Each structure stands twice: as structure tokens, then as C-alpha cells.
>>> print(open('model_22.txt').read())   # compact mmCIF, C-alpha atoms and all ligand atoms
# COMPACT_ATOMS: atom_id res chain seq x y z
CA VAL A 1 24.11 -6.96 -8.32
CA VAL A 2 21.32 -9.04 -9.83
CA ALA A 3 20.60 -8.13 -13.49
CA LEU A 4 17.15 -6.87 -14.52
CA GLU A 5 16.62 -9.92 -16.75
CA THR A 6 17.14 -12.18 -13.72
CA LYS A 7 14.59 -10.13 -11.78
CA VAL A 8 12.15 -10.44 -14.69
CA ARG A 9 12.57 -14.22 -14.41
CA TRP A 10 11.98 -14.01 -10.62
CA PHE A 11 8.82 -12.01 -11.39
CA GLU A 12 7.56 -14.53 -13.98
CA GLU A 13 8.33 -17.59 -11.86
CA GLY A 14 6.82 -15.81 -8.87
CA ALA A 15 3.62 -15.01 -10.77
CA ASP A 16 3.31 -18.71 -11.80
CA ASN A 17 4.06 -19.92 -8.30
CA PHE A 18 1.55 -17.45 -6.82
CA ALA A 19 -1.24 -18.44 -9.26
CA ARG A 20 -0.77 -22.13 -8.37
CA ALA A 21 -0.49 -21.58 -4.60
CA ALA A 22 -3.56 -19.30 -4.58
CA ILE A 23 -5.93 -21.96 -5.97
CA GLY A 24 -8.63 -22.62 -3.38
CA THR A 25 -7.56 -19.65 -1.21
CA PRO A 26 -9.19 -16.18 -0.97
CA PHE A 27 -6.35 -14.98 -3.23
CA GLU A 28 -7.26 -17.21 -6.19
CA VAL A 29 -6.82 -15.39 -9.52
CA SER A 30 -8.69 -16.16 -12.72
CA LEU A 31 -6.69 -17.23 -15.77
CA SER A 32 -7.79 -14.12 -17.64
CA ASP A 33 -6.21 -11.84 -15.04
CA ASP A 34 -2.92 -10.10 -15.80
CA ARG A 35 0.12 -11.76 -14.36
CA ARG A 36 0.79 -10.51 -10.89
CA TYR A 37 3.59 -10.83 -8.33
CA MET A 38 2.63 -10.61 -4.66
CA CYS A 39 5.01 -8.86 -2.26
CA PRO A 40 5.65 -11.61 0.32
CA LEU A 41 5.50 -9.09 3.20
CA CYS A 42 2.50 -6.79 2.59
CA ARG A 43 0.73 -9.19 0.16
CA LEU A 44 -0.07 -6.39 -2.34
CA LEU A 45 -0.07 -7.44 -6.01
CA PHE A 46 2.20 -5.86 -8.62
CA SER A 47 2.42 -6.00 -12.41
CA ARG A 48 5.66 -6.40 -14.38
CA GLU A 49 6.04 -2.62 -14.87
CA ALA A 50 6.75 -2.39 -11.14
CA LEU A 51 10.22 -3.81 -11.90
CA VAL A 52 10.99 -1.00 -14.36
CA THR A 53 9.60 1.71 -12.08
CA LYS A 54 11.58 0.09 -9.22
CA ILE A 55 8.54 -0.44 -7.02
CA LEU A 56 9.60 -4.08 -6.89
CA THR A 57 13.29 -4.47 -6.08
CA GLY A 58 15.69 -7.22 -5.06
CA GLU A 59 16.09 -7.52 -1.32
CA HIS A 60 19.27 -8.68 0.44
CA VAL A 61 18.67 -11.78 2.55
CA PRO A 62 20.08 -11.87 5.17
CA PRO A 63 20.71 -8.10 5.38
CA ASP A 64 23.66 -6.55 3.56
CA PHE A 65 25.76 -6.05 6.71
CA PHE A 66 25.59 -9.80 7.42
CA GLY A 67 26.87 -10.73 3.97
CA GLY A 68 23.43 -11.29 2.39
CA ARG A 69 22.76 -11.19 -1.34
CA GLU A 70 19.69 -10.16 -3.31
CA LEU A 71 17.41 -13.19 -3.05
CA VAL A 72 13.75 -12.19 -3.48
CA LEU A 73 11.67 -9.33 -4.87
CA THR A 74 9.82 -7.19 -2.32
CA CYS A 75 8.05 -3.85 -2.76
CA THR A 76 9.88 -0.59 -2.03
CA PRO A 77 7.81 0.43 1.02
CA CYS A 78 8.48 -2.97 2.63
CA ASN A 79 12.17 -3.05 1.63
CA ASN A 80 13.23 0.55 2.29
CA ASP A 81 11.01 1.88 5.05
CA ASP A 82 10.34 -1.10 7.28
CA GLY A 83 13.39 -3.14 6.34
CA SER A 84 15.90 -0.38 7.00
CA ASP A 85 14.39 0.41 10.40
CA LEU A 86 14.79 -3.17 11.54
CA ASP A 87 18.11 -3.90 9.83
CA ALA A 88 19.75 -0.77 11.29
CA ARG A 89 18.91 -2.09 14.75
CA ALA A 90 20.19 -5.59 13.96
CA GLU A 91 23.41 -4.11 12.61
CA GLU A 92 23.89 -2.02 15.74
CA LEU A 93 23.53 -5.09 17.97
CA GLU A 94 25.90 -7.10 15.76
CA ARG A 95 28.54 -4.39 16.23
CA MET A 96 28.11 -4.80 20.00
CA VAL A 97 28.52 -8.58 19.69
CA ALA A 98 31.71 -7.96 17.70
CA VAL A 99 33.04 -5.63 20.44
CA LEU A 100 32.31 -8.24 23.12
CA ARG A 101 34.12 -10.86 21.06
CA GLY A 102 37.14 -8.55 21.02
CA SER A 103 37.12 -7.96 17.28
CA PRO A 104 39.79 -5.25 16.73
CA SER A 105 37.85 -3.40 14.00
CA ALA A 106 34.51 -3.31 15.87
CA VAL A 107 33.03 0.06 16.80
CA ALA A 108 30.08 0.51 19.18
CA ARG A 109 28.58 3.42 21.08
CA ILE A 110 28.58 3.13 24.86
CA LYS A 111 27.48 5.10 27.88
CA VAL A 112 29.05 5.16 31.33
CA HIS A 113 27.09 5.95 34.50
CA ILE A 114 29.17 7.23 37.41
CA GLY A 115 27.09 8.47 40.31
CA GLU A 116 24.81 11.18 38.92
CA ASN A 117 26.86 11.55 35.75
CA ILE A 118 26.38 9.94 32.39
CA LEU A 119 29.18 10.04 29.85
CA ARG A 120 28.78 8.96 26.24
CA GLY A 121 31.42 7.63 23.90
CA SER A 122 32.49 4.68 21.87
CA ILE A 123 34.70 1.65 21.84
CA GLU A 124 36.92 1.54 18.81
CA ASN A 125 40.01 -0.58 18.28
CA GLN A 126 39.32 -1.91 21.80
CA LYS A 127 39.86 1.61 23.20
CA LEU A 128 37.32 3.73 25.01
CA THR A 129 36.85 7.34 23.84
CA LEU A 130 34.60 9.90 25.54
CA PRO A 131 34.69 12.89 23.16
CA LYS A 132 34.54 16.31 24.81
CA LYS A 133 32.10 17.69 22.28
CA ILE A 134 29.30 15.24 23.17
CA ASN A 135 29.81 15.27 26.94
CA SER A 136 29.14 18.07 29.38
CA PRO A 137 32.34 19.64 30.80
CA ASP A 138 30.78 19.42 34.27
CA ALA A 139 30.32 15.66 33.99
CA ILE A 140 33.89 15.19 32.79
CA LYS A 141 35.17 17.36 35.65
CA ALA A 142 33.01 15.57 38.24
CA VAL A 143 34.33 12.20 37.19
CA ALA A 144 37.90 13.53 36.83
CA GLY A 145 39.38 10.16 36.09
CA ASN A 146 37.74 8.50 39.08
CA TRP A 147 35.83 5.51 37.67
CA ASP A 148 34.99 3.92 41.04
CA GLY A 149 31.48 2.53 41.03
CA GLY A 150 31.06 3.33 37.36
CA GLN A 151 28.84 1.16 35.22
CA TRP A 152 29.02 1.02 31.49
CA GLY A 153 26.58 -0.27 28.91
CA PHE A 154 26.00 -0.08 25.19
CA ASP A 155 24.28 3.09 24.04
CA LYS A 156 21.46 1.49 22.04
CA ARG A 157 18.84 3.30 20.05
CA LYS A 158 15.18 3.01 21.04
CA ASP A 159 13.66 -0.48 20.65
CA ALA A 160 17.03 -1.87 19.56
CA ASP A 161 16.39 -5.42 20.75
CA ALA A 162 12.83 -5.66 19.39
CA GLY A 163 13.93 -4.25 16.04
CA ALA A 164 16.94 -6.55 15.73
CA ARG A 165 14.82 -9.58 16.63
CA CYS A 166 12.30 -8.72 13.92
CA SER A 167 15.03 -8.07 11.37
CA TRP A 168 16.09 -11.72 11.80
CA ILE A 169 12.48 -12.99 11.84
CA ARG A 170 11.89 -11.09 8.59
CA ALA A 171 15.07 -12.43 6.96
CA GLY A 172 14.23 -16.04 7.91
CA TYR A 173 10.68 -15.63 6.60
CA LEU A 174 12.03 -14.37 3.25
CA VAL A 175 14.41 -17.34 3.07
CA LEU A 176 11.47 -19.72 3.53
CA PHE A 177 9.55 -17.80 0.87
CA ALA A 178 12.49 -18.20 -1.55
CA ALA A 179 12.79 -21.89 -0.68
CA LEU A 180 9.13 -22.92 -0.49
CA GLY A 181 7.28 -20.28 -2.54
CA TYR A 182 3.89 -18.68 -1.92
CA ARG A 183 2.63 -21.51 0.29
CA VAL A 184 4.54 -19.68 3.04
CA VAL A 185 2.92 -16.34 2.19
CA LEU A 186 -0.65 -17.66 1.92
CA ASP A 187 -0.65 -20.16 4.80
CA PRO A 188 -2.48 -18.98 7.97
CA ALA A 189 0.30 -20.37 10.18
CA PHE A 190 2.55 -17.55 8.91
CA ASP A 191 0.00 -14.77 9.59
CA SER A 192 1.43 -14.31 13.08
CA VAL A 193 4.95 -14.09 11.64
CA ARG A 194 3.94 -11.29 9.28
CA ALA A 195 2.00 -9.55 12.08
CA GLN A 196 5.15 -9.70 14.22
CA ILE A 197 7.27 -8.14 11.45
CA ASP A 198 4.65 -5.45 10.89
CA ARG A 199 4.14 -4.60 14.58
CA TRP A 200 7.76 -5.12 15.50
CA LYS A 201 7.77 -3.18 18.77
CA GLU A 202 5.26 -5.65 20.27
CA SER A 203 5.93 -9.26 21.23
CA ILE A 204 3.39 -11.28 19.25
CA ILE A 205 4.90 -14.69 18.60
CA GLY A 206 7.13 -15.03 21.67
CA GLN A 207 10.20 -17.20 21.40
CA VAL A 208 11.48 -17.59 17.87
CA PHE A 209 15.22 -18.17 18.36
CA ALA A 210 15.99 -21.84 18.85
CA GLU A 211 19.47 -21.16 20.22
CA GLU A 212 22.76 -19.58 19.32
CA ALA A 213 25.50 -21.79 17.93
CA ASP A 214 28.48 -19.84 19.28
CA GLY A 215 31.61 -19.98 17.22
CA THR A 216 29.75 -20.52 13.94
CA PRO A 217 31.07 -18.17 11.21
CA ASP A 218 28.67 -15.40 10.10
CA SER A 219 28.75 -16.80 6.56
CA PHE A 220 27.09 -20.08 7.62
CA ARG A 221 23.60 -20.58 6.07
CA LEU A 222 21.10 -23.39 6.51
CA VAL A 223 17.46 -24.36 6.04
CA ALA A 224 16.42 -27.49 7.90
CA ARG A 225 13.28 -29.51 8.46
CA MET A 226 13.01 -30.29 12.17
CA LYS A 227 10.98 -32.69 14.32
CA GLU A 228 10.29 -32.58 18.05
CA THR A 229 7.69 -34.25 20.35
CA THR A 230 5.84 -31.07 21.43
CA LEU A 231 6.27 -29.11 18.22
CA GLY A 232 5.88 -31.83 15.60
CA GLU A 233 7.51 -30.92 12.30
CA PHE A 234 8.73 -27.38 11.74
CA TRP A 235 11.29 -25.30 9.81
CA MET A 236 14.59 -23.88 10.99
CA VAL A 237 16.64 -21.17 9.28
CA GLN A 238 20.18 -20.44 10.46
CA PHE A 239 22.35 -17.38 9.74
CA GLY A 240 25.79 -17.63 11.30
CA ARG A 241 25.20 -18.39 15.00
CA LEU A 242 21.47 -17.43 14.92
CA ARG A 243 18.86 -20.17 14.61
CA LEU A 244 15.19 -19.27 14.05
CA ILE A 245 12.17 -21.54 14.01
CA TYR A 246 9.00 -21.32 11.88
CA PRO A 247 5.76 -23.35 11.84
CA ASP A 248 4.89 -26.14 9.46
CA PHE A 249 2.04 -25.32 7.06
CA GLY A 250 -1.32 -25.06 8.84
CA ASP A 251 0.22 -25.18 12.34
CA VAL A 252 -1.38 -21.99 13.71
CA THR A 253 -0.61 -22.78 17.38
CA PHE A 254 3.11 -23.50 16.82
CA TYR A 255 4.55 -20.54 18.75
CA ASP A 256 2.15 -21.17 21.67
CA ARG A 257 3.74 -24.60 22.15
CA VAL A 258 7.38 -23.46 21.99
CA ALA A 259 7.42 -22.57 25.72
CA GLN A 260 6.38 -26.15 26.60
CA VAL A 261 9.33 -27.77 24.86
CA ASP A 262 11.58 -29.83 27.13
CA PRO A 263 15.03 -28.29 26.60
CA ALA A 264 16.67 -31.60 27.48
CA ARG A 265 15.23 -33.26 24.40
CA ARG A 266 16.96 -32.15 21.24
CA PRO A 267 14.95 -31.98 18.05
CA GLU A 268 15.92 -34.13 15.08
CA GLY A 269 16.83 -32.25 11.94
CA LEU A 270 17.18 -32.86 8.23
CA VAL A 271 19.41 -30.34 6.45
CA LEU A 272 17.83 -29.16 3.20
CA GLY A 273 20.43 -26.64 1.96
CA TRP A 274 20.00 -22.97 1.08
CA PRO A 275 18.04 -21.13 -1.65
CA HIS A 276 20.35 -19.42 -4.14
CA GLU A 277 17.42 -18.21 -6.23
CA PRO A 278 13.70 -18.06 -5.46
CA PHE A 279 11.31 -20.86 -6.44
CA ARG A 280 14.09 -23.40 -7.09
CA PRO A 281 15.04 -26.58 -5.27
CA LEU A 282 17.21 -25.78 -2.26
CA GLY A 283 20.91 -25.79 -2.97
CA GLU A 284 20.48 -25.57 -6.75
CA VAL A 285 22.88 -23.00 -8.24
CA ILE A 286 21.93 -21.42 -11.56
CA ASP A 287 24.35 -19.68 -13.90
ZN ZN B 301 5.39 -5.04 0.33
>>> encode(input="model_22.txt", output="C-alpha cells", more="lines below")
Ligand SMILES: [Zn+2]
Amino acid sequence: VVALETKVRWFEEGADNFARAAIGTPFEVSLSDDRRYMCPLCRLLFSREALVTKILTGEHVPPDFFGGRELVLTCTPCNNDDGSDLDARAEELERMVAVLRGSPSAVARIKVHIGENILRGSIENQKLTLPKKINSPDAIKAVAGNWDGGQWGFDKRKDADAGARCSWIRAGYLVLFAALGYRVVLDPAFDSVRAQIDRWKESIIGQVFAEEADGTPDSFRLVARMKETTLGEFWMVQFGRLRLIYPDFGDVTFYDRVAQVDPARRPEGLVLGWPHEPFRPLGEVID
């Protein structure tokens, strides 16, 4: 847990960073204004009291279930309402990945279609259970142990894939905010990223995952500066096996060009480290 005094420092450094980054933008603040912290997601401004009233809180990046720690301040509506919707979906899909990898402790809900019948259950400890109380007795009787022609799939909640995708997009965006400050929040190239997080059921920015690095431990974290012929320079954030790409400042057509990239040509990358606290050089650890 991050102490309140640390969060006060994040607020103060954030307010300074925001005031500097906002110069020459529509968000410019006058020196006489009260100090304000902008939520990096909804771009509303908050005063220091918002920390005490818990309207600004520390957000886990990446999400809790993926071993994330509190890294940045976001406002409660962004953190609780929107964040939990997306993160619950990402967590559900991660449990399915764990089941497919054969992890003994993984639990995931599944459904089995056999002819006209659908049976629901779960995989736990690599065993399938179809509880009687959630399945119709008729369906159980009709199947009667005959699984021929049965098809099984994960029992996902509505918009599971879209929500999970946006949970990762949101986490990577917050990492870049921690690493690079309010330039990320105020730059027009990131407007489409925020729009995608906000309207998460739609596909606004298209392809955002660079690739999956299978076999990488979930605890792996990386921010890198990349370079490729079609894309020019861009940012990459990696959590475990998941690699996400973000535009360079001012590059408003970045995601339109991703589809034109020649997969045979690998981008060059420069590893920059990982933000342990917001508004600090990457990789710097403060105690
Ligand atoms: Zn917000």
C-alpha cells in the first residue's frame, strides 16, 4: 500500500508536470490558479483535497490480478467504474489462458454443446465439473454420458475480448503516463487511445498488440522506444507475454499505418526500463 504522503508527492509532482506540459496547449493554466492534478483518463482537474476525500486514488498498473502495484493517481469514477469493468474481463481471459497452459490451480467457466443441449460448468484442478444445480436435469439426462460430437468452449461474459483488450490498452497508457508525464495525456496522438478506452466495446484504433512473447513470465515489465520503416519511432509497453504499441508524440495516423507493416521486418528497439514512481526517470527506484 502506498502511503498518503507518497500520494501527496505524486499529486504535487503531477501538478508541476501538468502546468509545464500544458504551456501552449488549450489546457494552459495561469500561475495564479490553484494547483491542480489532471486525471490522465478523463482529463478532469482535481485539487489536493481530492486525495483526502479519496476522489483521487492510487491505481494498480498493471491490474492487481497481474501483479501490478499502485503507480499513478486516477479519479474514482475512472478507477472503480470503468477500470473494474475492463479488468474483470481481462482477469477472466487470463484464467482461461492459465487453464490452456495446464496450470493446476487455474479455474475457468466453460460450456459444452452436445446436439441441442448446452451444459455449463467449470474446469478446476484440470477436472471438468458440470454441477446439477446450474444445469437442467433434462439436458443431463439427454447427454447421459455420451459426449460424441460435443463441443466445448469457455463461458465468457459479454464483450469479454473487447473489455480485456481495453484493460491492457488502459494499463499501457497509464505506464506511459507514469514514465513520460502529461505530454502523453495532452498530445493529440493519444486522443484515439483514450477514446478507445472510453468506448471499449467498439474497435477504434485497430491493432494495438505487437505480438505475444510466449513463455515470458507474467512478472516481466518493459518500456521500450521502437523504430520501424512504416511506423517510424513509437513506444512499446510489455506486461508478461503481452506487447502493446503506442504512437510517438504528434503521430496522429500511427494506428492507421500498423496494418501496412511488413511482418518480416522486425522493428529495432531500445529498452528504457520501467517506471517505479510517476514523473521520474525510468528504472529509478526511490525509498
Ligand atoms: Zn478520471
>>> closest_residue(input="model_22.txt", among="A:Leu272, A:Ala15, A:Val107, A:Cys166", to="Trp200 in chain A", atoms="all atoms listed in the file")
A:Cys166
>>> atom_distance(input="model_22.txt", atom1="CA of Val261 in chain A", atom2="CA of Phe66 in chain A")
29.9 Å
>>> residues_near_ligand(input="model_22.txt", ligand="ligand ZN 301 (chain B)", cutoff="10 Å", atoms="only C-alpha atoms and all ligand atoms", output="count of residues only")
20
>>> closest_residue(input="model_22.txt", among="A:Tyr255, A:Phe18, A:Phe279, A:Phe154", to="Leu128 in chain A", atoms="only C-alpha atoms")
A:Phe154
>>> closest_residue(input="model_22.txt", among="A:Ile123, A:Val185, A:Ala164, A:Val237", to="Ser84 in chain A", atoms="all atoms listed in the file")
A:Ala164
>>> residues_around(input="model_22.txt", residues="Asp214 in chain A", least_positions_apart="5", cutoff="12 Å", atoms="all atoms listed in the file", output="count of residues only")
8
>>> axis_aligned_box(input="model_22.txt", around="range 108-120 of chain A", padding_each_side="4 Å", output="JSON")
{"center_x": 27.4, "center_y": 6.0, "center_z": 29.7, "size_x": 13.3, "size_y": 19.0, "size_z": 29.1}
>>> closest_atom_pairs(input="model_22.txt", of="range 140-190 of chain A", to="range 115-120 of chain A", cutoff="8 Å", atoms="all atoms listed in the file", output="CSV")
residue,atom,partner,partner_atom,distance
A:Ile140,CA,A:Leu119,CA,7.6
A:Ala142,CA,A:Asn117,CA,7.8
A:Val143,CA,A:Asn117,CA,7.6
A:Gly149,CA,A:Gly115,CA,7.4
A:Gly150,CA,A:Gly115,CA,7.1
A:Asp155,CA,A:Arg120,CA,7.7
>>> residues_around(input="model_22.txt", residues="Val252 in chain A", least_positions_apart="4", cutoff="12 Å", atoms="all atoms listed in the file", output="list in words")
Asp187, Pro188, Ala189, Phe190, Asp191, Ser192, Val193, Ile205, Leu231, Phe234, Tyr246, Pro247, Asp248, Asp256 and Arg257 of chain A
>>> atom_distance(input="model_22.txt", atom1="CA of Phe11 in chain A", atom2="CA of Glu49 in chain A")
10.4 Å
>>> closest_residue(input="model_22.txt", among="A:Leu222, A:Val258, A:Ala21, A:Ala195", to="Leu180 in chain A", atoms="only C-alpha atoms")
A:Ala21
>>> closest_residue(input="model_22.txt", among="A:Gly215, A:Pro62, A:Pro131, A:Gly153", to="Ala108 in chain A", atoms="all atoms listed in the file")
A:Gly153
>>> residues_around(input="model_22.txt", residues="range 167-176 of chain A", least_positions_apart="2", cutoff="9 Å", atoms="only C-alpha atoms", output="number ranges by chain")
A: 40-41, 60-63, 71-72, 83-90, 162-165, 178-181, 184-185, 190, 193-194, 196-197, 200, 208-209, 223, 235-239, 242, 244-246, 274-275, 278
>>> closest_residue(input="model_22.txt", among="A:Arg183, A:Asp251, A:Asp218, A:Ser122", to="Thr25 in chain A", atoms="only C-alpha atoms")
A:Arg183
>>> atom_distance(input="model_22.txt", atom1="CA of Trp147 in chain A", atom2="CA of Leu130 in chain A")
13.0 Å
